[in-house]
Structures are given as structure tokens and as C-alpha cells.
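Student: Sharing protein33.txt here; it has compact mmCIF, C-alpha atoms.
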# COMPACT_ATOMS: atom_id res chain seq x y z
CA MET A 1 139.15 200.07 -87.17
CA SER A 2 142.45 201.85 -87.62
CA ALA A 3 145.33 199.94 -86.09
CA GLU A 4 147.39 203.10 -85.55
CA VAL A 5 145.53 203.95 -82.36
CA GLY A 6 145.31 200.31 -81.29
CA GLN A 7 142.36 197.99 -80.82
CA GLN A 8 139.75 199.72 -78.67
CA HIS A 9 136.41 198.05 -78.15
CA PRO A 10 133.71 198.23 -75.48
CA LEU A 11 134.28 196.06 -72.41
CA GLY A 12 130.93 194.32 -72.85
CA ILE A 13 132.01 192.26 -75.84
CA TYR A 14 134.95 190.78 -73.91
CA LEU A 15 132.74 189.86 -70.97
CA LYS A 16 130.16 188.22 -73.25
CA ILE A 17 132.81 186.18 -75.07
CA TRP A 18 134.38 185.26 -71.75
CA ILE A 19 131.07 183.81 -70.49
CA LEU A 20 130.54 182.07 -73.83
CA LEU A 21 133.97 180.42 -73.56
CA PHE A 22 133.08 179.19 -70.07
CA ILE A 23 129.85 177.66 -71.37
CA LEU A 24 131.61 176.03 -74.33
CA SER A 25 134.33 174.61 -72.03
CA THR A 26 131.69 173.19 -69.72
CA LEU A 27 129.91 171.61 -72.68
CA SER A 28 133.10 170.04 -74.01
CA TYR A 29 133.88 168.67 -70.54
CA MET A 30 130.34 167.25 -70.35
CA VAL A 31 131.05 165.25 -73.52
CA ASP A 32 133.55 163.23 -71.49
CA TYR A 33 131.62 163.33 -68.22
CA ILE A 34 128.42 162.00 -69.78
CA GLY A 35 130.52 159.57 -71.77
CA PHE A 36 129.31 159.98 -75.36
CA GLN A 37 131.15 157.59 -77.68
CA GLY A 38 131.87 157.19 -81.38
CA TYR A 39 131.00 159.71 -84.06
CA LEU A 40 128.74 161.74 -81.74
CA ARG A 41 131.66 162.24 -79.32
CA TRP A 42 134.14 163.22 -82.04
CA THR A 43 131.70 165.60 -83.72
CA LEU A 44 130.84 167.36 -80.45
CA ILE A 45 134.52 167.64 -79.47
CA LEU A 46 135.37 169.22 -82.83
CA VAL A 47 132.37 171.59 -82.85
CA PHE A 48 133.10 172.95 -79.35
CA MET A 49 136.84 173.12 -80.11
CA PHE A 50 136.38 175.14 -83.32
CA LEU A 51 133.83 177.48 -81.69
CA LYS A 52 136.19 178.17 -78.78
CA ALA A 53 139.21 178.63 -81.05
CA GLY A 54 137.20 180.87 -83.37
CA PHE A 55 136.03 183.20 -80.60
CA ILE A 56 139.49 183.45 -79.07
CA ILE A 57 141.09 184.28 -82.43
CA ALA A 58 138.34 186.60 -83.68
CA ILE A 59 137.55 188.58 -80.52
CA PHE A 60 140.31 188.20 -77.92
CA MET A 61 143.09 188.34 -80.51
CA HIS A 62 141.18 191.04 -82.47
CA VAL A 63 141.60 189.29 -85.82
CA MET A 64 138.08 190.21 -86.97
CA TRP A 65 139.00 193.90 -86.71
CA GLU A 66 142.36 193.62 -88.48
CA ARG A 67 143.00 194.56 -92.10
CA MET A 68 142.69 191.81 -94.70
CA ALA A 69 146.45 191.82 -95.42
CA LEU A 70 147.26 190.82 -91.82
CA VAL A 71 144.31 188.40 -91.50
CA LEU A 72 145.44 186.43 -94.56
CA THR A 73 149.04 186.38 -93.33
CA ILE A 74 147.82 184.82 -90.07
CA LEU A 75 145.16 182.42 -91.32
CA GLY A 76 146.55 181.57 -94.77
CA PRO A 77 149.70 179.53 -94.07
CA PRO A 78 148.07 177.14 -91.53
CA VAL A 79 145.78 175.90 -94.35
CA ALA A 80 148.82 173.91 -95.54
CA LEU A 81 148.44 171.86 -92.35
CA LEU A 82 145.26 170.29 -93.74
CA PHE A 83 147.40 168.54 -96.36
CA LEU A 84 149.81 167.30 -93.68
CA ILE A 85 146.90 165.97 -91.59
CA GLY A 86 145.34 164.28 -94.63
CA ALA A 87 148.60 162.70 -95.78
CA MET A 88 149.51 161.43 -92.32
CA ALA A 89 146.01 160.04 -91.77
CA ILE A 90 146.23 158.00 -94.99
CA GLU A 91 149.74 156.84 -94.12
CA GLY A 92 148.77 156.01 -90.53
CA ASP A 93 145.81 153.96 -91.67
CA TYR A 94 148.07 152.00 -94.00
CA THR A 95 150.68 151.33 -91.28
CA PHE A 96 148.01 150.13 -88.87
CA GLY A 97 146.58 147.81 -91.53
CA ALA A 98 150.05 146.39 -92.23
CA ARG A 99 150.63 145.72 -88.53
CA VAL A 100 147.35 143.85 -88.28
CA ASP A 101 147.57 141.99 -91.60
CA TYR A 102 151.26 141.04 -91.67
CA PHE A 103 152.47 141.21 -88.05
CA GLY A 104 149.53 139.60 -86.33
CA ALA A 105 148.62 142.58 -84.12
CA ASN A 106 145.22 142.40 -82.44
CA PRO A 107 143.14 145.33 -83.73
CA ASN A 108 140.61 145.07 -80.89
CA ALA A 109 142.95 145.01 -77.87
CA GLU A 110 141.58 146.82 -74.79
CA PRO A 111 143.81 148.99 -72.56
CA LEU A 112 144.48 147.64 -69.06
CA PRO A 113 142.27 149.14 -66.34
CA VAL A 114 143.67 152.18 -64.52
CA THR A 115 144.08 151.96 -60.75
CA HIS A 116 145.26 155.10 -59.05
CA ILE A 117 147.63 155.07 -56.11
CA GLY A 118 145.79 155.00 -52.80
CA GLU A 119 142.48 154.13 -54.44
CA HIS A 120 142.26 150.71 -52.78
CA GLU A 121 142.53 152.36 -49.35
CA GLY A 122 139.70 154.70 -50.22
CA GLU A 123 142.12 157.65 -49.97
CA ALA A 124 141.82 160.78 -52.04
CA HIS A 125 144.96 161.80 -53.92
CA MET B 1 146.99 204.60 -109.47
CA SER B 2 147.48 208.06 -108.01
CA GLU B 3 143.87 207.93 -106.89
CA ALA B 4 144.49 204.68 -104.99
CA VAL B 5 147.59 206.06 -103.29
CA ALA B 6 145.84 209.26 -102.33
CA SER B 7 142.90 207.40 -100.81
CA ASN B 8 145.35 205.14 -98.99
CA LEU B 9 146.86 208.11 -97.25
CA ASP B 10 143.76 209.34 -95.46
CA THR B 11 141.38 206.41 -94.96
CA PRO B 12 142.62 203.01 -96.18
CA LYS B 13 140.04 200.83 -97.90
CA SER B 14 138.88 197.74 -96.10
CA GLY B 15 138.32 194.17 -97.32
CA LEU B 16 139.74 192.88 -100.60
CA PRO B 17 140.39 196.30 -102.20
CA GLY B 18 142.27 197.14 -99.00
CA LEU B 19 144.33 193.95 -99.33
CA VAL B 20 145.32 194.92 -102.89
CA ASP B 21 146.18 198.47 -101.79
CA ASP B 22 148.24 197.30 -98.83
CA TRP B 23 150.35 194.98 -100.97
CA THR B 24 150.75 197.20 -104.05
CA SER B 25 151.25 200.70 -102.74
CA ASP B 26 155.05 200.37 -102.45
CA LYS B 27 155.19 201.07 -98.74
CA GLN B 28 154.62 199.41 -95.39
CA THR B 29 152.16 196.53 -95.89
CA TYR B 30 150.87 195.92 -92.38
CA HIS B 31 149.31 198.95 -90.73
CA VAL B 32 150.20 197.80 -87.24
CA PRO B 33 153.17 198.53 -84.97
CA TRP B 34 156.18 196.45 -86.04
CA GLY B 35 156.21 194.60 -82.71
CA LYS B 36 152.68 193.38 -83.30
CA ALA B 37 153.45 192.19 -86.84
CA MET B 38 156.51 190.32 -85.55
CA MET B 39 154.53 188.75 -82.71
CA TRP B 40 151.97 187.49 -85.23
CA ILE B 41 154.69 186.03 -87.44
CA PHE B 42 156.19 184.29 -84.41
CA LEU B 43 152.76 182.93 -83.44
CA VAL B 44 152.16 181.59 -86.95
CA SER B 45 155.51 179.77 -86.79
CA ASP B 46 154.66 178.47 -83.31
CA THR B 47 151.36 177.20 -84.73
CA PHE B 48 153.39 174.97 -87.03
CA ILE B 49 155.49 173.61 -84.17
CA PHE B 50 152.44 172.66 -82.10
CA SER B 51 150.72 171.31 -85.20
CA CYS B 52 153.71 169.05 -85.90
CA PHE B 53 153.41 167.66 -82.35
CA LEU B 54 149.67 167.11 -82.65
CA VAL B 55 149.87 165.58 -86.14
CA GLY B 56 152.70 163.34 -84.89
CA TYR B 57 150.44 162.33 -82.00
CA MET B 58 147.62 161.55 -84.42
CA THR B 59 149.90 159.39 -86.57
CA VAL B 60 151.32 157.51 -83.59
CA ARG B 61 147.86 156.89 -82.14
CA MET B 62 146.52 155.69 -85.50
CA THR B 63 149.43 153.40 -86.25
CA THR B 64 149.92 151.69 -82.91
CA ALA B 65 148.18 148.35 -82.68
CA GLU B 66 148.53 148.37 -78.92
CA PRO B 67 145.52 149.83 -77.10
CA TRP B 68 145.66 153.53 -76.26
CA PRO B 69 145.20 154.21 -72.50
CA LEU B 70 141.85 155.93 -71.87
CA PRO B 71 142.54 159.56 -70.82
CA THR B 72 139.19 159.70 -69.05
CA ASP B 73 140.44 157.03 -66.59
CA VAL B 74 144.13 158.01 -66.54
CA PHE B 75 143.34 161.62 -65.59
CA ALA B 76 140.52 160.84 -63.17
CA LEU B 77 141.04 162.23 -59.70
CA SER B 78 139.31 161.80 -56.34
CA LEU B 79 138.48 165.04 -54.57
CA PHE B 80 137.93 164.96 -50.79
CA GLY B 81 137.50 161.19 -50.73
CA SER B 82 134.95 161.04 -53.57
CA ASP B 83 134.92 158.44 -56.31
CA PRO B 84 137.41 159.37 -59.06
CA ILE B 85 135.91 162.15 -61.20
CA PRO B 86 136.97 161.87 -64.87
CA LEU B 87 139.35 164.59 -66.13
CA ILE B 88 138.43 166.92 -63.27
CA LEU B 89 141.87 168.50 -62.82
CA ILE B 90 142.19 169.03 -66.57
CA ALA B 91 138.76 170.71 -66.60
CA ILE B 92 139.81 173.02 -63.76
CA MET B 93 143.04 173.84 -65.63
CA THR B 94 140.97 174.66 -68.73
CA PHE B 95 138.74 177.04 -66.75
CA ILE B 96 141.78 178.69 -65.16
CA LEU B 97 143.36 179.33 -68.55
CA ILE B 98 140.11 180.76 -69.94
CA THR B 99 139.74 183.00 -66.91
CA SER B 100 143.30 184.22 -67.44
CA SER B 101 142.50 184.96 -71.10
CA GLY B 102 139.57 187.06 -69.93
CA THR B 103 141.63 189.08 -67.45
CA MET B 104 144.25 189.58 -70.18
CA ALA B 105 141.64 190.89 -72.63
CA LEU B 106 140.49 193.37 -69.96
CA ALA B 107 144.11 194.39 -69.29
CA VAL B 108 144.58 195.24 -72.98
CA ASN B 109 141.38 197.28 -72.89
CA TYR B 110 142.37 199.25 -69.78
CA GLY B 111 145.85 199.72 -71.21
CA TYR B 112 144.47 201.61 -74.20
CA ARG B 113 142.35 203.70 -71.82
CA GLY B 114 145.56 204.67 -70.04
CA ASP B 115 144.46 203.17 -66.70
CA LYS B 116 147.87 202.02 -65.48
CA ARG B 117 146.79 200.61 -62.12
CA LYS B 118 144.01 198.41 -63.50
CA THR B 119 146.20 197.27 -66.39
CA MET B 120 148.99 196.25 -64.02
CA TYR B 121 146.69 194.42 -61.59
CA LEU B 122 144.86 192.59 -64.38
CA MET B 123 148.17 191.52 -65.93
CA LEU B 124 149.43 190.30 -62.55
CA ALA B 125 146.16 188.39 -62.07
CA THR B 126 146.70 186.80 -65.48
CA ALA B 127 150.25 185.84 -64.55
CA ALA B 128 149.09 184.41 -61.20
CA LEU B 129 146.44 182.28 -62.90
CA GLY B 130 149.08 181.11 -65.39
CA ALA B 131 151.42 180.19 -62.53
CA SER B 132 148.67 178.17 -60.82
CA PHE B 133 148.07 176.38 -64.14
CA VAL B 134 151.74 175.38 -64.26
CA GLY B 135 151.52 174.27 -60.63
CA MET B 136 148.61 171.95 -61.42
CA GLN B 137 150.48 170.61 -64.39
CA ALA B 138 153.46 169.84 -62.14
CA PHE B 139 151.04 167.97 -59.83
CA GLU B 140 149.66 166.02 -62.80
CA TRP B 141 153.17 165.10 -63.97
CA THR B 142 154.20 164.00 -60.47
CA LYS B 143 151.09 161.83 -60.16
CA LEU B 144 151.59 160.14 -63.53
CA ILE B 145 155.30 159.61 -62.98
CA SER B 146 154.60 158.02 -59.58
CA GLU B 147 152.12 155.69 -61.30
CA GLY B 148 154.84 154.51 -63.65
CA VAL B 149 154.22 156.59 -66.78
CA ARG B 150 157.47 157.17 -68.66
CA PRO B 151 158.17 158.46 -72.19
CA TRP B 152 158.91 154.84 -73.16
CA GLU B 153 156.33 152.86 -71.14
CA ASN B 154 153.21 152.97 -69.00
CA PRO B 155 151.20 150.36 -67.09
CA TRP B 156 148.11 150.46 -69.30
CA GLY B 157 148.80 150.23 -73.03
CA ALA B 158 150.62 151.86 -75.94
CA PRO B 159 153.99 153.16 -74.70
CA GLN B 160 153.70 156.19 -77.02
CA PHE B 161 151.08 157.59 -74.64
CA GLY B 162 153.82 158.75 -72.26
CA SER B 163 156.03 160.31 -74.92
CA VAL B 164 153.13 162.29 -76.39
CA PHE B 165 151.91 163.36 -72.94
CA PHE B 166 155.29 164.63 -71.73
CA MET B 167 156.21 166.21 -75.06
CA VAL B 168 152.97 168.06 -75.76
CA THR B 169 152.01 169.17 -72.25
CA GLY B 170 155.66 169.89 -71.45
CA PHE B 171 156.08 172.16 -74.45
CA HIS B 172 152.80 173.89 -73.68
CA GLY B 173 153.74 174.28 -70.01
CA LEU B 174 157.03 175.84 -71.09
CA HIS B 175 155.06 178.38 -73.12
CA VAL B 176 152.85 179.17 -70.12
CA THR B 177 155.90 179.59 -67.88
CA GLY B 178 157.52 181.91 -70.41
CA GLY B 179 154.25 183.83 -70.66
CA VAL B 180 154.05 184.30 -66.88
CA ILE B 181 157.55 185.83 -66.86
CA TYR B 182 156.80 187.96 -69.93
CA LEU B 183 153.56 189.30 -68.40
CA ALA B 184 155.24 190.03 -65.06
CA VAL B 185 157.98 192.02 -66.80
CA VAL B 186 155.52 194.02 -68.92
CA ALA B 187 153.23 194.62 -65.90
CA ARG B 188 156.21 196.05 -63.99
CA LYS B 189 157.09 198.34 -66.87
CA VAL B 190 153.46 199.45 -67.15
CA ALA B 191 153.44 200.36 -63.45
CA LYS B 192 156.69 202.31 -63.83
CA GLY B 193 155.15 204.33 -66.66
CA HIS B 194 157.57 203.17 -69.36
CA TYR B 195 154.78 203.15 -71.94
CA ASP B 196 153.27 206.54 -71.18
CA LYS B 197 154.93 208.07 -74.24
CA LYS B 198 155.31 204.96 -76.43
CA GLY B 199 151.68 203.88 -76.10
CA TYR B 200 150.18 200.70 -74.79
CA GLU B 201 150.41 198.46 -77.88
CA ILE B 202 152.93 196.37 -75.93
CA VAL B 203 150.13 195.19 -73.64
CA GLU B 204 148.13 194.04 -76.66
CA ILE B 205 151.21 192.27 -78.06
CA ALA B 206 151.80 190.44 -74.77
CA GLY B 207 148.08 189.65 -74.79
CA LEU B 208 148.34 188.07 -78.25
CA TYR B 209 150.98 185.69 -76.93
CA TRP B 210 148.86 184.82 -73.89
CA HIS B 211 145.69 184.18 -75.91
CA PHE B 212 147.73 181.98 -78.23
CA VAL B 213 148.83 179.84 -75.28
CA ASP B 214 145.15 179.49 -74.31
CA LEU B 215 144.30 178.67 -77.93
CA VAL B 216 146.86 175.87 -78.08
CA TRP B 217 145.37 174.41 -74.88
CA VAL B 218 141.93 174.30 -76.57
CA PHE B 219 143.40 171.95 -79.18
CA ILE B 220 145.41 169.87 -76.69
CA PHE B 221 142.33 169.51 -74.48
CA ALA B 222 140.20 168.35 -77.43
CA PHE B 223 142.66 166.02 -79.11
CA PHE B 224 144.74 164.61 -76.27
CA TYR B 225 142.40 164.60 -73.26
CA LEU B 226 138.92 164.27 -74.76
CA TRP B 227 139.43 162.26 -77.96
How does the structure come out when it is put into C-alpha cells?
Tutor:
Amino acid sequence: MSAEVGQQHPLGIYLKIWILLFILSTLSYMVDYIGFQGYLRWTLILVFMFLKAGFIIAIFMHVMWERMALVLTILGPPVALLFLIGAMAIEGDYTFGARVDYFGANPNAEPLPVTHIGEHEGEAH
Amino acid sequence: MSEAVASNLDTPKSGLPGLVDDWTSDKQTYHVPWGKAMMWIFLVSDTFIFSCFLVGYMTVRMTTAEPWPLPTDVFALSLFGSDPIPLILIAIMTFILITSSGTMALAVNYGYRGDKRKTMYLMLATAALGASFVGMQAFEWTKLISEGVRPWENPWGAPQFGSVFFMVTGFHGLHVTGGVIYLAVVARKVAKGHYDKKGYEIVEIAGLYWHFVDLVWVFIFAFFYLW
């Protein structure tokens, strides 16, 4: 607990979290590999992202064993970012609407298909 | 008051009462080595820099009426003549960074146990994994540049795709490169015994930086590559 002697914890907890992070990374990759779309995709991405971030911060960066004064200094200020995200999302939505409504942009345009170099020759690279 | 100060001297309270004590007892607030407190303050400020990039990316992707290129296709790669596998290189890079976070966590642990050899080797392993991550990123950049992706245009859709890609992954790659150098320097000093008297907090501080770089990648992977 005391920070004076540094953060000493049994090795086992690091190994367990390490394996857990591998599993979570695999799961988040599977979201793309299987090809989930829409709200299911976004929810799964966010859930796996927050779990991974949480374990890294809490265990690997030892935040769960730090004193409250340091924990709040670390985790407090980033809360302000939620307001930035919210404000920019509202503004972005408005800009997109204006481009569609007043500038004739097509809201349903599809990206052009991706062809990789060498693919037509059946070459790997 | 005197009671609180007295109790603070032997065993500090934890939780909220501890928070009040730490901030009101008219002395050092953070009971950690100054280097660790400063590293945390740097990391919090770095959080804001990366957040500005990612929020800027969100805004640009929301506002553009041109279609956003699909990362799952753009970052697909054929391995050994197979059909293109979606995001495979990015997945491998993610696993490499997580592996390096694990070796770093073990290095911190062995550092506090005073096992210099293991600490040094684990830190060098972490740095080597970080270097291979940067190498793969260089490969990814080369591939995309050869396919015509530029910060101002790309062959598939919204031109902002290129600017976000180069900006965000470039800034992250710069952090990884800096981390590799930082870890190599600290590993060398560990091996030379420079921390025998000072203590091994420095390994934990270097570890905080490295885990932060991994943490940022978690968000880039989710928002830029998977979204």
C-alpha cells in the first residue's frame, strides 16, 4: 500500500491480467473479422476498449493501489473531455446536416472498393 | 487537527479521509517519489493531446459528406498468398504492444526485488518488441503511401482519412520510438547498478510511460481501425 517502498505485488496478478488482455484483444479483433455492423459493433468495440483500458490503468499502472489524492489527479481532469466530445458531436452532426441540406451532398455515398497492389496477380504483399 | 497530523505521520489513512489529510496537512501532497508524480502529470497532459487528435478525427469523420474508406478493407493484407485478411497486421501490432506491456510489468516487479539481470533483460525485451512495432508501422505507411494515400487525398473516399491516419499513428509511433530509447537507456543504467542506492522507482516510472503508450493504442485501435 505505501508508495514509499514502491509498488510490490505478486507476479501472478500481472500474468493473469496479461492473459486477460490477450483474450480481450482477440475478442475486439473478432468484432471486425466476423463483421458485426451497426449498434452491436459499436457497443462491442466500446466494451472491449474500456475493459482493456481499465485493466491497464488499474493493474499495470498500479492506479488501484495508489492513494486517493493521486488517483483523482490522474482520473479527474480527463472527465472534462466528455464535454468536448459531446460538444463536437453536436456540432459535427449540424455541419453534416448543413452539407446535405444546403450543399447537395449525398448522405449515402459508398467508398470506392479497395484493391491492393499485386492483388490482381495473386501475389502476397 | 493534531490528531490527524499525528496519524498521518505513522500510517496515512486511505480513501476519502486520506484524500482530505493529504491535501490539508500542509506538507507534501503526493506520497510518491517526485519523478513518479511528474511522470503522471506529463501523462495526463499527453492524454489531452491524444484526445484532441481523436476528437478532431471524430468531428472530421462526422462532418464529411464524402464516404469514409473502410479500414477493414484498407488495412487488409495477404499472408503467404492467402486471400486478404482484414486488419491482420494491425491485430499483430496490437498483440505485440500488449506483450511488451506484460514484459514491462514483470520488469518493474523484478526491479523492486532487486534482480538486476532479469529487470534489464525484460526491459530490453520490451524495447525490442516496441522497435518491431515501429517497424511494422513503417511497413504499413510504406504500403499505404505506395497505394496513393496522402494527407490530402486517397483513392477511395474522404481525403481526411489520410490526414487522420498519418497524424494519429505518426504521433503514436513517435511516442513508441521515444519509449524504446528511454527503456534502452534505463535498462543500461540498471545493468550498471546506478539504481542500487537510489532504488528502482525509475523502472516503475519508465513502465508508466510504456503502459500509457499501450493504452493510447487501445483507443486508436478501437476508434480508428475498428469503428
Student: For region 60-68 of chain B, I'd like the enclosing box, axis-aligned and padded by 4 Å on every side, reported as AutoDock Vina command-line options with centre and edge lengths in Å to one decimal.
Tutor:
--center_x 148.4 --center_y 152.9 --center_z -81.3 --size_x 13.8 --size_y 17.2 --size_z 18.0
Student: When you look at Val114 (chain A) with a cut-off of 8 Å (counting all atoms listed in the file), what residues show up, excluding the ones that are within fewer than 3 positions of it in the same chain? I need them as JSON, numbers by chain.
Tutor: {"B": [73, 74, 156]}
Student: Set the cut-off to 6 Å and count all atoms listed in the file: what are the residues of chain A that reach chain B? Output as number ranges by chain.
Tutor: A: 3, 18, 53, 61, 68-69, 92, 95-96, 105, 107, 109-112, 123-124
Student: Please work out which residues fall within 6 Å of (151.8, 181.4, -64.4), coordinates as given in the file, with all atoms listed in the file counting, and return them as a PyMOL selection string.
Tutor: chain B and resi 127-132+177+180
Student: Suppose you want the space between CA of Ile145 (chain B) and CA of Tyr57 (chain B); what is it in Å?
Tutor: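 Here the two named atoms are 19.8 Å from each other.
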Student: Some atoms are missing, so please complete region 29-62 of chain B with N, CA and C atoms and return it as a compact mmCIF listing (two decimals), keeping the file's coordinate frame.
Tutor:
# COMPACT_ATOMS: atom_id res chain seq x y z
N THR B 29 153.35 197.32 -95.58
CA THR B 29 152.16 196.53 -95.89
C THR B 29 151.19 196.45 -94.72
N TYR B 30 151.74 196.12 -93.55
CA TYR B 30 150.87 195.92 -92.38
C TYR B 30 150.75 197.21 -91.60
N HIS B 31 149.51 197.69 -91.45
CA HIS B 31 149.31 198.95 -90.73
C HIS B 31 149.17 198.71 -89.24
N VAL B 32 150.16 198.05 -88.69
CA VAL B 32 150.20 197.80 -87.24
C VAL B 32 151.62 198.10 -86.78
N PRO B 33 151.81 198.33 -85.46
CA PRO B 33 153.17 198.53 -84.97
C PRO B 33 154.05 197.32 -85.32
N TRP B 34 155.33 197.55 -85.57
CA TRP B 34 156.18 196.45 -86.04
C TRP B 34 156.22 195.30 -85.02
N GLY B 35 156.17 195.64 -83.73
CA GLY B 35 156.21 194.60 -82.71
C GLY B 35 155.03 193.65 -82.82
N LYS B 36 153.87 194.21 -83.18
CA LYS B 36 152.68 193.38 -83.30
C LYS B 36 152.79 192.46 -84.52
N ALA B 37 153.28 193.02 -85.64
CA ALA B 37 153.45 192.19 -86.84
C ALA B 37 154.43 191.05 -86.55
N MET B 38 155.51 191.36 -85.84
CA MET B 38 156.51 190.32 -85.55
C MET B 38 155.95 189.28 -84.60
N MET B 39 155.14 189.71 -83.61
CA MET B 39 154.53 188.75 -82.71
C MET B 39 153.62 187.80 -83.49
N TRP B 40 152.86 188.34 -84.44
CA TRP B 40 151.97 187.49 -85.23
C TRP B 40 152.77 186.49 -86.05
N ILE B 41 153.89 186.94 -86.63
CA ILE B 41 154.69 186.03 -87.44
C ILE B 41 155.29 184.94 -86.56
N PHE B 42 155.70 185.30 -85.34
CA PHE B 42 156.19 184.29 -84.41
C PHE B 42 155.08 183.30 -84.07
N LEU B 43 153.86 183.82 -83.83
CA LEU B 43 152.76 182.93 -83.44
C LEU B 43 152.39 181.98 -84.58
N VAL B 44 152.46 182.48 -85.82
CA VAL B 44 152.16 181.59 -86.95
C VAL B 44 153.20 180.47 -87.00
N SER B 45 154.48 180.81 -86.76
CA SER B 45 155.51 179.77 -86.79
C SER B 45 155.32 178.80 -85.62
N ASP B 46 154.91 179.33 -84.47
CA ASP B 46 154.66 178.47 -83.31
C ASP B 46 153.47 177.54 -83.57
N THR B 47 152.49 178.04 -84.34
CA THR B 47 151.36 177.20 -84.73
C THR B 47 151.86 175.95 -85.44
N PHE B 48 152.87 176.13 -86.29
CA PHE B 48 153.39 174.97 -87.03
C PHE B 48 154.11 174.00 -86.11
N ILE B 49 154.80 174.51 -85.10
CA ILE B 49 155.49 173.61 -84.17
C ILE B 49 154.47 172.76 -83.42
N PHE B 50 153.45 173.42 -82.84
CA PHE B 50 152.44 172.66 -82.10
C PHE B 50 151.68 171.72 -83.02
N SER B 51 151.43 172.18 -84.26
CA SER B 51 150.72 171.31 -85.20
C SER B 51 151.53 170.07 -85.50
N CYS B 52 152.86 170.21 -85.63
CA CYS B 52 153.71 169.05 -85.90
C CYS B 52 153.58 168.06 -84.74
N PHE B 53 153.56 168.56 -83.50
CA PHE B 53 153.41 167.66 -82.35
C PHE B 53 152.06 166.94 -82.41
N LEU B 54 151.00 167.71 -82.68
CA LEU B 54 149.67 167.11 -82.65
C LEU B 54 149.46 166.15 -83.82
N VAL B 55 149.99 166.50 -85.00
CA VAL B 55 149.87 165.58 -86.14
C VAL B 55 150.70 164.33 -85.87
N GLY B 56 151.89 164.50 -85.26
CA GLY B 56 152.70 163.34 -84.89
C GLY B 56 151.96 162.45 -83.92
N TYR B 57 151.26 163.09 -82.96
CA TYR B 57 150.44 162.33 -82.00
C TYR B 57 149.35 161.56 -82.72
N MET B 58 148.68 162.22 -83.65
CA MET B 58 147.62 161.55 -84.42
C MET B 58 148.17 160.31 -85.14
N THR B 59 149.32 160.49 -85.80
CA THR B 59 149.90 159.39 -86.57
C THR B 59 150.26 158.23 -85.66
N VAL B 60 150.89 158.55 -84.52
CA VAL B 60 151.32 157.51 -83.59
C VAL B 60 150.11 156.77 -83.01
N ARG B 61 149.04 157.52 -82.72
CA ARG B 61 147.86 156.89 -82.14
C ARG B 61 147.13 156.04 -83.18
N MET B 62 147.17 156.48 -84.44
CA MET B 62 146.52 155.69 -85.50
C MET B 62 147.30 154.43 -85.81
